[in-house]
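Asks: So I've got this file, model12.cif, and it contains mmCIF, C-alpha atoms:
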```
data_my_file
loop_
_atom_site.label_atom_id
_atom_site.label_comp_id
_atom_site.auth_asym_id
_atom_site.auth_seq_id
_atom_site.Cartn_x
_atom_site.Cartn_y
_atom_site.Cartn_z
CA MET A 1 0.00 0.00 0.00
CA ARG A 2 3.02 2.26 0.15
CA THR A 3 2.94 3.80 -3.32
CA ARG A 4 0.51 4.30 -6.13
CA THR A 5 1.00 2.16 -9.18
CA SER A 6 2.86 3.68 -12.10
CA ALA A 7 -0.12 2.84 -14.30
CA SER A 8 -2.38 5.03 -12.18
CA VAL A 9 0.04 7.94 -12.33
CA ALA A 10 0.43 7.52 -16.07
CA ALA A 11 -3.33 7.51 -16.50
CA VAL A 12 -3.63 10.79 -14.62
CA ALA A 13 -0.89 12.39 -16.71
CA GLY A 14 -2.55 11.22 -19.87
CA LEU A 15 -5.89 12.69 -18.88
CA ILE A 16 -4.35 16.04 -18.10
CA SER A 17 -2.84 16.27 -21.58
CA LEU A 18 -6.10 15.58 -23.42
CA PRO A 19 -6.83 18.24 -26.03
CA LEU A 20 -9.75 20.56 -25.47
CA ALA A 21 -11.71 18.89 -28.24
CA LEU A 22 -11.88 15.71 -26.15
CA THR A 23 -12.76 17.45 -22.89
CA GLY A 24 -15.62 19.38 -24.39
CA CYS A 25 -14.16 22.88 -24.15
CA SER A 26 -13.39 25.01 -27.18
CA ALA A 27 -11.05 27.98 -27.30
CA PHE A 28 -12.49 31.03 -25.63
CA GLY A 29 -12.85 34.07 -27.85
CA VAL A 30 -12.56 37.60 -26.48
CA GLY A 31 -14.13 40.81 -27.64
CA ASP A 32 -12.89 44.36 -27.38
CA ASP A 33 -11.93 44.00 -23.70
CA SER A 34 -8.39 42.80 -24.34
CA ASP A 35 -4.80 43.77 -23.66
CA GLU A 36 -2.45 45.28 -26.21
CA GLY A 37 -2.24 43.08 -29.30
CA GLY A 38 -5.66 41.55 -28.67
CA LYS A 39 -4.37 39.01 -26.13
CA VAL A 40 -5.78 38.79 -22.61
CA THR A 41 -3.49 37.67 -19.77
CA LEU A 42 -5.17 36.35 -16.63
CA THR A 43 -3.31 36.00 -13.37
CA PHE A 44 -4.13 32.83 -11.39
CA GLN A 45 -2.91 32.72 -7.81
CA SER A 46 -2.59 29.04 -6.89
CA LEU A 47 -2.02 27.70 -3.37
CA ALA A 48 -1.00 24.19 -4.45
CA TYR A 49 2.07 23.21 -2.44
CA GLN A 50 2.70 19.49 -2.86
CA ASP A 51 4.95 18.76 -5.83
CA THR A 52 2.41 16.44 -7.42
CA THR A 53 -0.36 19.03 -7.27
CA ILE A 54 1.85 21.89 -8.41
CA ALA A 55 2.75 19.79 -11.45
CA ALA A 56 -0.90 18.89 -12.14
CA THR A 57 -1.94 22.55 -11.83
CA GLN A 58 0.79 23.64 -14.23
CA GLU A 59 -0.29 21.00 -16.76
CA ILE A 60 -3.89 22.26 -16.65
CA VAL A 61 -2.70 25.83 -17.20
CA ASP A 62 -0.41 24.72 -20.03
CA ALA A 63 -3.27 22.82 -21.69
CA TRP A 64 -5.51 25.89 -21.50
CA ASN A 65 -2.80 28.19 -22.84
CA ALA A 66 -2.04 25.86 -25.75
CA ASP A 67 -5.64 25.91 -26.93
CA ASN A 68 -6.51 29.51 -26.06
CA PRO A 69 -3.83 31.73 -27.61
CA ASP A 70 -5.89 34.87 -27.09
CA VAL A 71 -6.54 34.18 -23.37
CA GLN A 72 -3.36 33.23 -21.59
CA VAL A 73 -3.15 32.29 -17.91
CA GLU A 74 -0.14 33.31 -15.86
CA LEU A 75 0.37 31.10 -12.79
CA VAL A 76 1.37 32.89 -9.58
CA GLN A 77 2.33 30.90 -6.49
CA GLY A 78 0.63 31.81 -3.23
CA SER A 79 0.63 30.18 0.21
CA TRP A 80 -2.06 28.82 2.51
CA ASP A 81 -0.12 30.30 5.43
CA ASN A 82 -0.91 33.92 4.60
CA VAL A 83 -3.58 33.86 1.91
CA HIS A 84 -6.23 35.70 3.95
CA ASP A 85 -3.98 38.63 4.89
CA GLN A 86 -2.56 38.73 1.38
CA LEU A 87 -6.02 38.93 -0.16
CA VAL A 88 -7.04 41.71 2.26
CA THR A 89 -4.04 43.73 1.06
CA GLN A 90 -4.65 42.89 -2.60
CA PHE A 91 -8.35 43.74 -2.54
CA GLN A 92 -7.79 46.99 -0.71
CA GLY A 93 -4.93 47.94 -3.02
CA GLY A 94 -6.68 46.95 -6.25
CA THR A 95 -4.02 44.34 -7.06
CA ALA A 96 -5.96 41.09 -6.63
CA PRO A 97 -5.31 38.33 -9.18
CA ASP A 98 -8.03 37.61 -11.72
CA VAL A 99 -8.48 33.99 -10.57
CA ILE A 100 -8.23 33.31 -6.84
CA HIS A 101 -7.56 29.95 -5.17
CA ASP A 102 -8.76 29.77 -1.55
CA GLU A 103 -11.31 27.89 0.59
CA SER A 104 -14.98 28.51 1.23
CA ALA A 105 -14.58 29.32 4.94
CA ASP A 106 -12.23 32.17 4.04
CA ILE A 107 -13.89 33.75 1.02
CA MET A 108 -17.40 34.48 2.27
CA GLY A 109 -16.35 37.60 4.14
CA PHE A 110 -14.74 38.91 0.96
CA ALA A 111 -17.89 38.04 -0.98
CA GLU A 112 -20.11 39.98 1.42
CA GLN A 113 -17.81 42.99 0.97
CA GLY A 114 -18.26 42.84 -2.80
CA TYR A 115 -14.74 41.72 -3.69
CA LEU A 116 -15.75 38.57 -5.60
CA ALA A 117 -17.57 38.38 -8.92
CA ASP A 118 -20.96 36.68 -9.28
CA LEU A 119 -20.35 33.51 -11.31
CA THR A 120 -23.94 32.26 -11.25
CA ASP A 121 -24.58 32.82 -14.96
CA LEU A 122 -20.98 32.33 -16.09
CA LEU A 123 -20.33 28.73 -15.06
CA SER A 124 -21.58 26.02 -17.41
CA ASP A 125 -24.49 23.70 -16.69
CA ASP A 126 -22.04 20.77 -16.79
CA THR A 127 -19.98 22.31 -13.98
CA LYS A 128 -23.03 23.09 -11.89
CA SER A 129 -24.73 19.72 -12.29
CA ALA A 130 -21.61 17.75 -11.33
CA VAL A 131 -21.58 19.18 -7.79
CA SER A 132 -24.28 18.71 -5.15
CA ASP A 133 -26.51 21.58 -4.08
CA ASP A 134 -25.21 21.21 -0.52
CA ILE A 135 -21.63 21.89 -1.60
CA TRP A 136 -22.73 24.75 -3.87
CA GLY A 137 -24.28 26.19 -0.72
CA THR A 138 -20.80 26.62 0.77
CA VAL A 139 -19.87 29.08 -2.01
CA THR A 140 -23.16 30.96 -2.27
CA SER A 141 -23.43 34.40 -0.68
CA SER A 142 -26.32 35.67 1.42
CA ASP A 143 -27.89 37.27 -1.67
CA GLY A 144 -27.84 33.99 -3.60
CA ALA A 145 -24.81 34.66 -5.79
CA ILE A 146 -22.35 31.85 -6.55
CA VAL A 147 -18.98 33.44 -5.78
CA ALA A 148 -16.70 30.47 -6.41
CA ALA A 149 -16.44 27.03 -7.93
CA PRO A 150 -15.77 24.36 -5.26
CA THR A 151 -12.89 22.09 -6.25
CA LEU A 152 -11.32 19.73 -3.69
CA LEU A 153 -12.52 18.68 -0.25
CA GLN A 154 -10.66 17.53 2.84
CA SER A 155 -11.84 15.16 5.53
CA TYR A 156 -10.16 14.14 8.76
CA VAL A 157 -9.38 10.44 8.81
CA VAL A 158 -7.72 7.89 11.10
CA PHE A 159 -4.59 6.30 9.67
CA ALA A 160 -3.54 2.89 11.00
CA ASN A 161 -0.07 1.35 11.16
CA THR A 162 -1.30 -2.16 10.40
CA ASP A 163 1.91 -3.83 11.57
CA ALA A 164 1.54 -2.12 14.96
CA PHE A 165 -2.05 -3.38 15.11
CA ALA A 166 -0.83 -6.91 14.40
CA ASP A 167 1.91 -6.67 17.03
CA ALA A 168 -0.69 -5.61 19.59
CA GLY A 169 -3.03 -8.41 18.57
CA VAL A 170 -5.73 -5.89 17.63
CA GLU A 171 -7.87 -6.33 14.54
CA VAL A 172 -8.03 -3.43 12.09
CA PRO A 173 -11.66 -2.25 12.17
CA ALA A 174 -13.82 -2.32 9.06
CA GLY A 175 -17.31 -1.15 8.23
CA GLU A 176 -19.03 2.02 7.14
CA SER A 177 -17.95 4.10 10.16
CA LEU A 178 -16.02 4.02 13.42
CA SER A 179 -17.77 5.41 16.49
CA TRP A 180 -15.87 7.73 18.80
CA ASP A 181 -16.48 5.29 21.67
CA ASP A 182 -14.89 2.44 19.70
CA PHE A 183 -12.11 4.76 18.53
CA GLN A 184 -11.25 5.69 22.13
CA ALA A 185 -11.40 2.04 23.25
CA LEU A 186 -9.17 1.07 20.32
CA ALA A 187 -6.58 3.67 21.31
CA GLY A 188 -6.58 2.25 24.83
CA GLN A 189 -6.06 -1.30 23.54
CA LEU A 190 -3.22 -0.26 21.28
CA GLY A 191 -1.49 1.78 23.98
CA GLY A 192 -1.08 -0.49 26.96
CA ASP A 193 2.06 -0.79 29.10
CA GLY A 194 2.51 2.96 29.29
CA GLY A 195 2.44 3.50 25.53
CA PHE A 196 0.08 5.54 23.44
CA GLY A 197 -2.39 4.21 20.91
CA LEU A 198 -2.77 7.55 19.17
CA GLY A 199 -0.75 10.56 18.06
CA TRP A 200 -2.60 13.64 16.83
CA GLY A 201 -0.83 16.79 15.69
CA LEU A 202 -3.18 19.55 16.82
CA GLN A 203 -0.87 22.53 16.92
CA GLN A 204 -3.56 24.30 14.86
CA PRO A 205 -6.68 22.63 16.30
CA THR A 206 -9.64 24.76 15.22
CA ALA A 207 -10.41 23.31 11.80
CA ALA A 208 -10.21 19.69 12.97
CA VAL A 209 -12.30 20.32 16.08
CA MET A 210 -15.03 22.27 14.30
CA ASN A 211 -15.23 19.86 11.36
CA LEU A 212 -15.50 16.76 13.55
CA SER A 213 -17.93 18.48 15.92
CA LEU A 214 -20.61 18.26 13.23
CA GLY A 215 -20.70 14.54 13.99
CA PHE A 216 -22.26 15.52 17.33
CA ASP A 217 -24.51 18.24 15.88
CA GLY A 218 -21.98 20.78 17.12
CA THR A 219 -22.64 23.69 14.79
CA TYR A 220 -21.15 26.60 16.84
CA PHE A 221 -23.11 29.19 14.85
CA GLU A 222 -26.65 30.03 13.89
CA GLY A 223 -26.34 32.89 11.45
CA ASP A 224 -23.99 35.35 13.10
CA ALA A 225 -24.86 34.21 16.63
CA ILE A 226 -22.46 31.84 18.40
CA ASN A 227 -23.56 28.94 20.55
CA VAL A 228 -20.93 26.85 22.36
CA ALA A 229 -22.77 24.15 24.30
CA GLU A 230 -22.57 20.43 25.00
CA ASN A 231 -22.55 19.33 21.36
CA GLU A 232 -19.87 21.83 20.37
CA LEU A 233 -17.64 20.73 23.25
CA ALA A 234 -18.00 16.98 22.65
CA VAL A 235 -14.94 16.61 20.41
CA PRO A 236 -12.48 18.72 22.44
CA GLU A 237 -13.66 17.01 25.64
CA ARG A 238 -13.08 13.55 24.16
CA ILE A 239 -9.62 14.50 22.92
CA HIS A 240 -8.80 15.97 26.33
CA ALA A 241 -10.03 12.81 28.09
CA MET A 242 -7.90 10.57 25.88
CA ALA A 243 -4.82 12.66 26.67
CA TYR A 244 -5.29 13.30 30.39
CA GLU A 245 -7.68 10.66 31.73
CA ASP A 246 -7.16 7.32 30.02
CA GLY A 247 -3.71 8.16 28.61
CA SER A 248 -4.39 6.65 25.19
CA LEU A 249 -3.36 9.82 23.31
CA ASP A 250 0.10 11.35 23.66
CA PRO A 251 -0.49 14.88 25.02
CA VAL A 252 2.83 16.04 23.61
CA SER A 253 1.58 15.30 20.11
CA LEU A 254 -1.28 17.76 20.63
CA THR A 255 1.25 20.61 20.66
CA GLN A 256 2.91 19.48 17.43
CA SER A 257 2.11 19.74 13.74
CA GLY A 258 0.88 16.76 11.78
CA SER A 259 4.26 16.42 10.09
CA ASP A 260 6.01 16.39 13.48
CA VAL A 261 3.91 13.44 14.62
CA LEU A 262 4.32 11.42 11.43
CA PRO A 263 7.70 9.82 12.37
CA GLY A 264 6.08 8.38 15.51
CA PHE A 265 3.43 6.80 13.32
CA PHE A 266 6.06 5.31 11.03
CA ASP A 267 8.06 3.73 13.86
CA GLY A 268 5.01 2.24 15.60
CA ARG A 269 5.07 4.55 18.60
CA TYR A 270 1.59 5.66 17.54
CA PRO A 271 -0.38 2.79 15.95
CA MET A 272 -3.05 5.35 15.00
CA TYR A 273 -2.68 8.86 13.66
CA VAL A 274 -5.41 11.40 12.86
CA ALA A 275 -4.89 13.99 10.13
CA GLY A 276 -6.36 15.48 7.01
CA ASN A 277 -6.57 12.88 4.26
CA TYR A 278 -3.98 14.83 2.24
CA ILE A 279 -1.33 13.41 4.60
CA ALA A 280 -1.62 10.16 2.62
CA GLN A 281 0.59 11.80 0.00
CA GLN A 282 3.33 12.39 2.58
CA ILE A 283 2.96 8.82 3.81
CA THR A 284 3.50 7.41 0.31
CA GLU A 285 6.54 9.64 -0.18
CA SER A 286 8.15 9.45 3.27
CA ALA A 287 7.29 6.10 4.84
CA PRO A 288 10.11 3.59 5.27
CA GLU A 289 10.34 0.69 2.83
CA GLY A 290 7.83 -2.02 3.67
CA PHE A 291 5.63 0.22 5.81
CA ASN A 292 2.04 -1.05 5.86
CA TRP A 293 -0.85 1.26 6.54
CA ALA A 294 -4.57 1.69 6.08
CA VAL A 295 -7.26 4.35 6.44
CA LEU A 296 -9.94 3.41 8.98
CA PRO A 297 -13.68 4.00 8.46
CA PRO A 298 -14.84 7.59 9.03
CA LEU A 299 -15.27 8.72 12.63
CA ALA A 300 -18.93 8.93 13.66
CA GLY A 301 -20.52 10.81 16.53
CA THR A 302 -24.12 10.79 17.70
CA ALA A 303 -25.15 12.48 14.44
CA GLY A 304 -23.17 10.10 12.25
CA ALA A 305 -19.97 10.38 10.19
CA VAL A 306 -20.56 14.02 9.36
CA GLN A 307 -17.87 16.63 8.71
CA ALA A 308 -17.87 20.11 7.26
CA ALA A 309 -17.65 20.53 3.52
CA ASN A 310 -15.08 23.30 3.32
CA PRO A 311 -13.94 23.00 -0.27
CA GLN A 312 -11.01 24.66 -1.89
CA THR A 313 -12.40 27.29 -4.22
CA MET A 314 -11.78 29.14 -7.47
CA SER A 315 -13.12 32.70 -7.53
CA VAL A 316 -12.81 35.75 -9.76
CA ALA A 317 -11.96 39.18 -8.40
CA ALA A 318 -14.86 41.57 -8.97
CA GLU A 319 -12.37 44.23 -10.04
CA SER A 320 -10.97 42.02 -12.83
CA GLU A 321 -11.27 43.45 -16.33
CA HIS A 322 -11.74 39.91 -17.62
CA VAL A 323 -14.43 38.29 -15.49
CA GLU A 324 -15.95 36.22 -18.32
CA GLU A 325 -12.58 34.93 -19.51
CA SER A 326 -11.62 34.05 -15.93
CA ALA A 327 -14.90 32.17 -15.45
CA ALA A 328 -14.24 30.23 -18.68
CA PHE A 329 -10.84 29.15 -17.33
CA ILE A 330 -12.47 28.04 -14.06
CA ASP A 331 -14.98 25.99 -16.06
CA PHE A 332 -12.03 24.30 -17.79
CA PHE A 333 -10.28 23.78 -14.44
CA MET A 334 -13.43 22.09 -13.08
CA GLN A 335 -13.60 19.37 -15.74
CA ALA A 336 -13.65 15.87 -14.24
CA GLU A 337 -10.32 14.80 -15.74
CA HIS A 338 -8.58 17.80 -14.25
CA GLN A 339 -10.21 17.51 -10.84
CA ALA A 340 -9.38 13.80 -10.67
CA ALA A 341 -5.72 14.52 -11.41
CA LEU A 342 -5.55 17.29 -8.81
CA ALA A 343 -7.31 15.11 -6.24
CA GLN A 344 -4.82 12.30 -6.69
CA GLY A 345 -1.94 14.76 -6.45
CA ASP A 346 -3.20 16.08 -3.10
CA TRP A 347 -5.10 12.98 -1.90
CA LEU A 348 -8.21 15.11 -1.57
CA ILE A 349 -11.83 14.46 -2.54
CA PRO A 350 -13.19 16.09 -5.70
CA SER A 351 -16.42 18.04 -5.26
CA SER A 352 -17.59 16.71 -8.63
CA ASP A 353 -19.45 13.38 -8.65
CA THR A 354 -17.94 12.43 -11.99
CA ALA A 355 -14.42 13.27 -10.80
CA ARG A 356 -14.90 11.13 -7.67
CA GLU A 357 -16.00 8.22 -9.83
CA LEU A 358 -12.93 8.74 -11.99
CA VAL A 359 -10.62 8.71 -8.96
CA ALA A 360 -12.23 5.50 -7.68
CA GLU A 361 -11.73 3.90 -11.09
CA GLN A 362 -8.14 5.10 -11.57
CA THR A 363 -6.96 4.13 -8.06
CA ALA A 364 -9.05 0.94 -7.76
CA GLY A 365 -9.59 1.99 -4.14
CA GLU A 366 -6.00 1.15 -3.20
CA ASN A 367 -3.76 3.04 -0.75
CA GLY A 368 -6.72 4.02 1.39
CA TRP A 369 -8.64 5.66 -1.45
CA ASP A 370 -11.79 3.62 -0.79
CA ALA A 371 -12.02 4.93 2.80
CA ILE A 372 -10.96 8.46 1.82
CA LEU A 373 -13.66 8.72 -0.84
CA ALA A 374 -16.18 7.20 1.58
CA SER A 375 -15.38 9.92 4.11
CA GLY A 376 -16.47 12.45 1.52
CA GLU A 377 -20.02 11.12 1.56
CA GLY A 378 -20.63 12.69 4.97
CA LEU A 379 -19.44 16.17 4.06
CA SER A 380 -22.06 18.90 4.38
CA ALA A 381 -22.24 22.67 4.66
CA ALA A 382 -21.37 24.04 8.10
CA PRO A 383 -22.82 27.19 9.66
CA PHE A 384 -19.37 28.63 10.46
CA GLN A 385 -18.66 28.94 6.75
CA SER A 386 -21.23 31.71 6.37
CA ALA A 387 -20.20 33.56 9.54
CA VAL A 388 -18.52 36.68 8.16
CA ASN A 389 -15.96 37.13 10.97
CA TYR A 390 -15.06 33.46 11.20
CA PRO A 391 -11.45 33.75 9.88
CA GLN A 392 -10.63 36.51 12.38
CA TRP A 393 -12.32 34.67 15.27
CA LYS A 394 -10.51 31.47 14.38
CA ASP A 395 -7.07 33.10 14.46
CA GLN A 396 -7.52 35.49 17.37
CA TYR A 397 -9.74 33.53 19.77
CA ALA A 398 -10.60 29.94 18.85
CA THR A 399 -7.10 28.67 18.12
CA PRO A 400 -5.45 30.09 21.27
CA ALA A 401 -8.33 28.92 23.48
CA LEU A 402 -8.30 25.38 22.08
CA GLN A 403 -4.51 25.23 22.34
CA GLN A 404 -4.74 26.12 26.02
CA TYR A 405 -7.48 23.59 26.69
CA LEU A 406 -5.70 20.77 24.87
CA ALA A 407 -2.55 21.63 26.85
CA ASP A 408 -4.63 21.22 30.04
CA GLU A 409 -4.07 24.86 30.97
CA ILE A 410 -7.73 25.91 31.18
CA THR A 411 -11.00 24.14 32.01
CA VAL A 412 -13.73 23.31 29.55
CA GLU A 413 -15.83 26.06 31.12
CA GLN A 414 -13.07 28.57 30.46
CA LEU A 415 -12.80 27.30 26.90
CA GLN A 416 -16.52 27.83 26.43
CA THR A 417 -16.27 31.38 27.80
CA GLN A 418 -13.28 32.34 25.68
CA LEU A 419 -14.87 31.06 22.47
CA THR A 420 -18.14 32.84 23.17
CA ASP A 421 -16.74 36.13 24.46
CA GLY A 422 -14.21 36.29 21.64
CA TRP A 423 -16.91 36.10 19.00
CA ASN A 424 -19.07 38.65 20.77
CA ASP A 425 -16.12 41.03 21.04
CA LEU A 426 -15.80 40.97 17.26
CA GLY A 427 -19.47 41.87 16.84
#
```
In structure tokens, write the structure found in this file.
Replies:
Amino acid sequence: MRTRTSASVAAVAGLISLPLALTGCSAFGVGDDSDEGGKVTLTFQSLAYQDTTIAATQEIVDAWNADNPDVQVELVQGSWDNVHDQLVTQFQGGTAPDVIHDESADIMGFAEQGYLADLTDLLSDDTKSAVSDDIWGTVTSSDGAIVAAPTLLQSYVVFANTDAFADAGVEVPAGESLSWDDFQALAGQLGGDGGFGLGWGLQQPTAAVMNLSLGFDGTYFEGDAINVAENELAVPERIHAMAYEDGSLDPVSLTQSGSDVLPGFFDGRYPMYVAGNYIAQQITESAPEGFNWAVLPPLAGTAGAVQAANPQTMSVAAESEHVEESAAFIDFFMQAEHQAALAQGDWLIPSSDTARELVAEQTAGENGWDAILASGEGLSAAPFQSAVNYPQWKDQYATPALQQYLADEITVEQLQTQLTDGWNDLG
């Protein structure tokens, strides 16, 4: 299970290089709104950071440019680490790229301020019909405008070192989902003798906690009103209990990044490891020879195996002089062949039904892809995605409060107060 087959990789590369005639997109023609010489140049700020996805993104851009000589796309590299602050500066300074790569939880505030173009009538019926209404809801503003195309989705999954399971005499669980109760019991079984059954890099805990809280009906927000109650606290309380009550989760790992914890997963110190499904790419690249691993069924709370659908997005700056051309490029970017290639590069879940089917076919479900794609079935829109001040609250209040709680520095009551008061202070 350590690496993808060369045939699968070759298939992805081949799909990327298909000519436009085969993918159903013809060259886009421009009118009078063009740069000197009649050629339009669009800037596309991409946040792809894994080598495989950077390469897949470049191939999509190259394919577009080859078939659209009058509408060329210039790829600009951005970073997930500072994209929000960068976009604030760019929008305010009138220097935003034409095509913007981000995520739905971050863009809605910009949309409400009028910085993103309305794509409702500019995206094709094929693009719209391939994605569920629920996911389209994550990129639709309060006035009903579609302000982005949703591309790839992340879920949080449990990775298993299957050799460590075997050494502990514990069977690798199967089935449609894994309950939190069984997950906690499993970590206890795998720990034993003073060891830990689980490592979880939660240096930046907010996204994981809020996504997984939906499995307990923990919504945090209703409109712009915050509500932090029993359901919202279920996930952080369970993580805290595993670290400080039953000792099945290494508390040190909670202060580390996912990459920091990965070596402990490789050497068997942590038989289980929770992270975004994109970590599968790092596992295939970095695991020692002969390392055996699996992805366990999706975690399920009292409301089921539900997580937030917070897709990566492609938007157009409202100030762009080439909104229609930019939307045409996004339509091209959203084609199933392209989304399937990007998904396999990042080990993420395509928002498009047809792209998901293509990934399942191309990977044959190997290397954890069956469980990763299954985890995408429980993704749904989350209320925090439409809360305008969410990015600021996340950085200034939620992350520090959760870090303190998971370090056992504050009580759950203090966590509840800090999360609530922080949001209200922003109002």
Asks: List the neighbours of stretch 69-72 of chain A out to 7 Å using all atoms listed in the file; skip same-chain residues closer than 6 positions along the sequence, and give me the result as an NGL selection string.
Replies: :A and (38-42)
Asks: Running the PyMOL selection byres ((chain A and resi 412) around 10) on this model by hand, what would come out? Give it as a ChimeraX atom specification.
Replies: /A:233,236-237,240,401-402,405-406,408-411,413-418
Asks: Using all atoms listed in the file, what does the table of stretch 259-285 of chain A residues within 10 Å of stretch 162-184 of chain A look like, with each row giving the shortest atom pair and its distance in Å to one decimal, sorted by chain and ascending number, as a Markdown table?
Replies:
```
| residue | atom | partner | partner_atom | distance |
| --- | --- | --- | --- | --- |
| A:Phe265 | CA | A:Ala164 | CA | 9.3 |
| A:Phe266 | CA | A:Ala164 | CA | 9.5 |
| A:Asp267 | CA | A:Ala164 | CA | 8.8 |
| A:Gly268 | CA | A:Ala164 | CA | 5.6 |
| A:Arg269 | CA | A:Ala164 | CA | 8.4 |
| A:Tyr270 | CA | A:Ala164 | CA | 8.2 |
| A:Pro271 | CA | A:Ala164 | CA | 5.4 |
| A:Met272 | CA | A:Ala164 | CA | 8.8 |
```
Asks: Could you tell me how far atom CA of A:Gly195 lies from atom CA of A:Pro400, in Å and to one decimal?
Replies: 28.1 Å
Asks: Which residue gives the smallest distance to A:Pro311 among A:Gly109, A:Gly247, A:Pro150, A:Gly218, with all atoms listed in the file counted?
Replies: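 Going through A:Gly109, A:Gly247, A:Pro150, A:Gly218 one by one, the smallest distance to A:Pro311 is for A:Pro150.
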Asks: Evaluate the PyMOL selection byres ((chain A and resi 239) around 10) and record the selected residues as a VMD selection string, following the chain and residue labels used in the document.
Replies: chain A and resid 184 200 209 234 to 238 240 to 245 248 to 249 251 254 406
Asks: Using only C-alpha atoms, which residue out of A:Ile135, A:Ala340, A:Ala407, A:Val147 lies closest to A:Met108?
Replies: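 Smallest separation from A:Met108 among the options: A:Val147.
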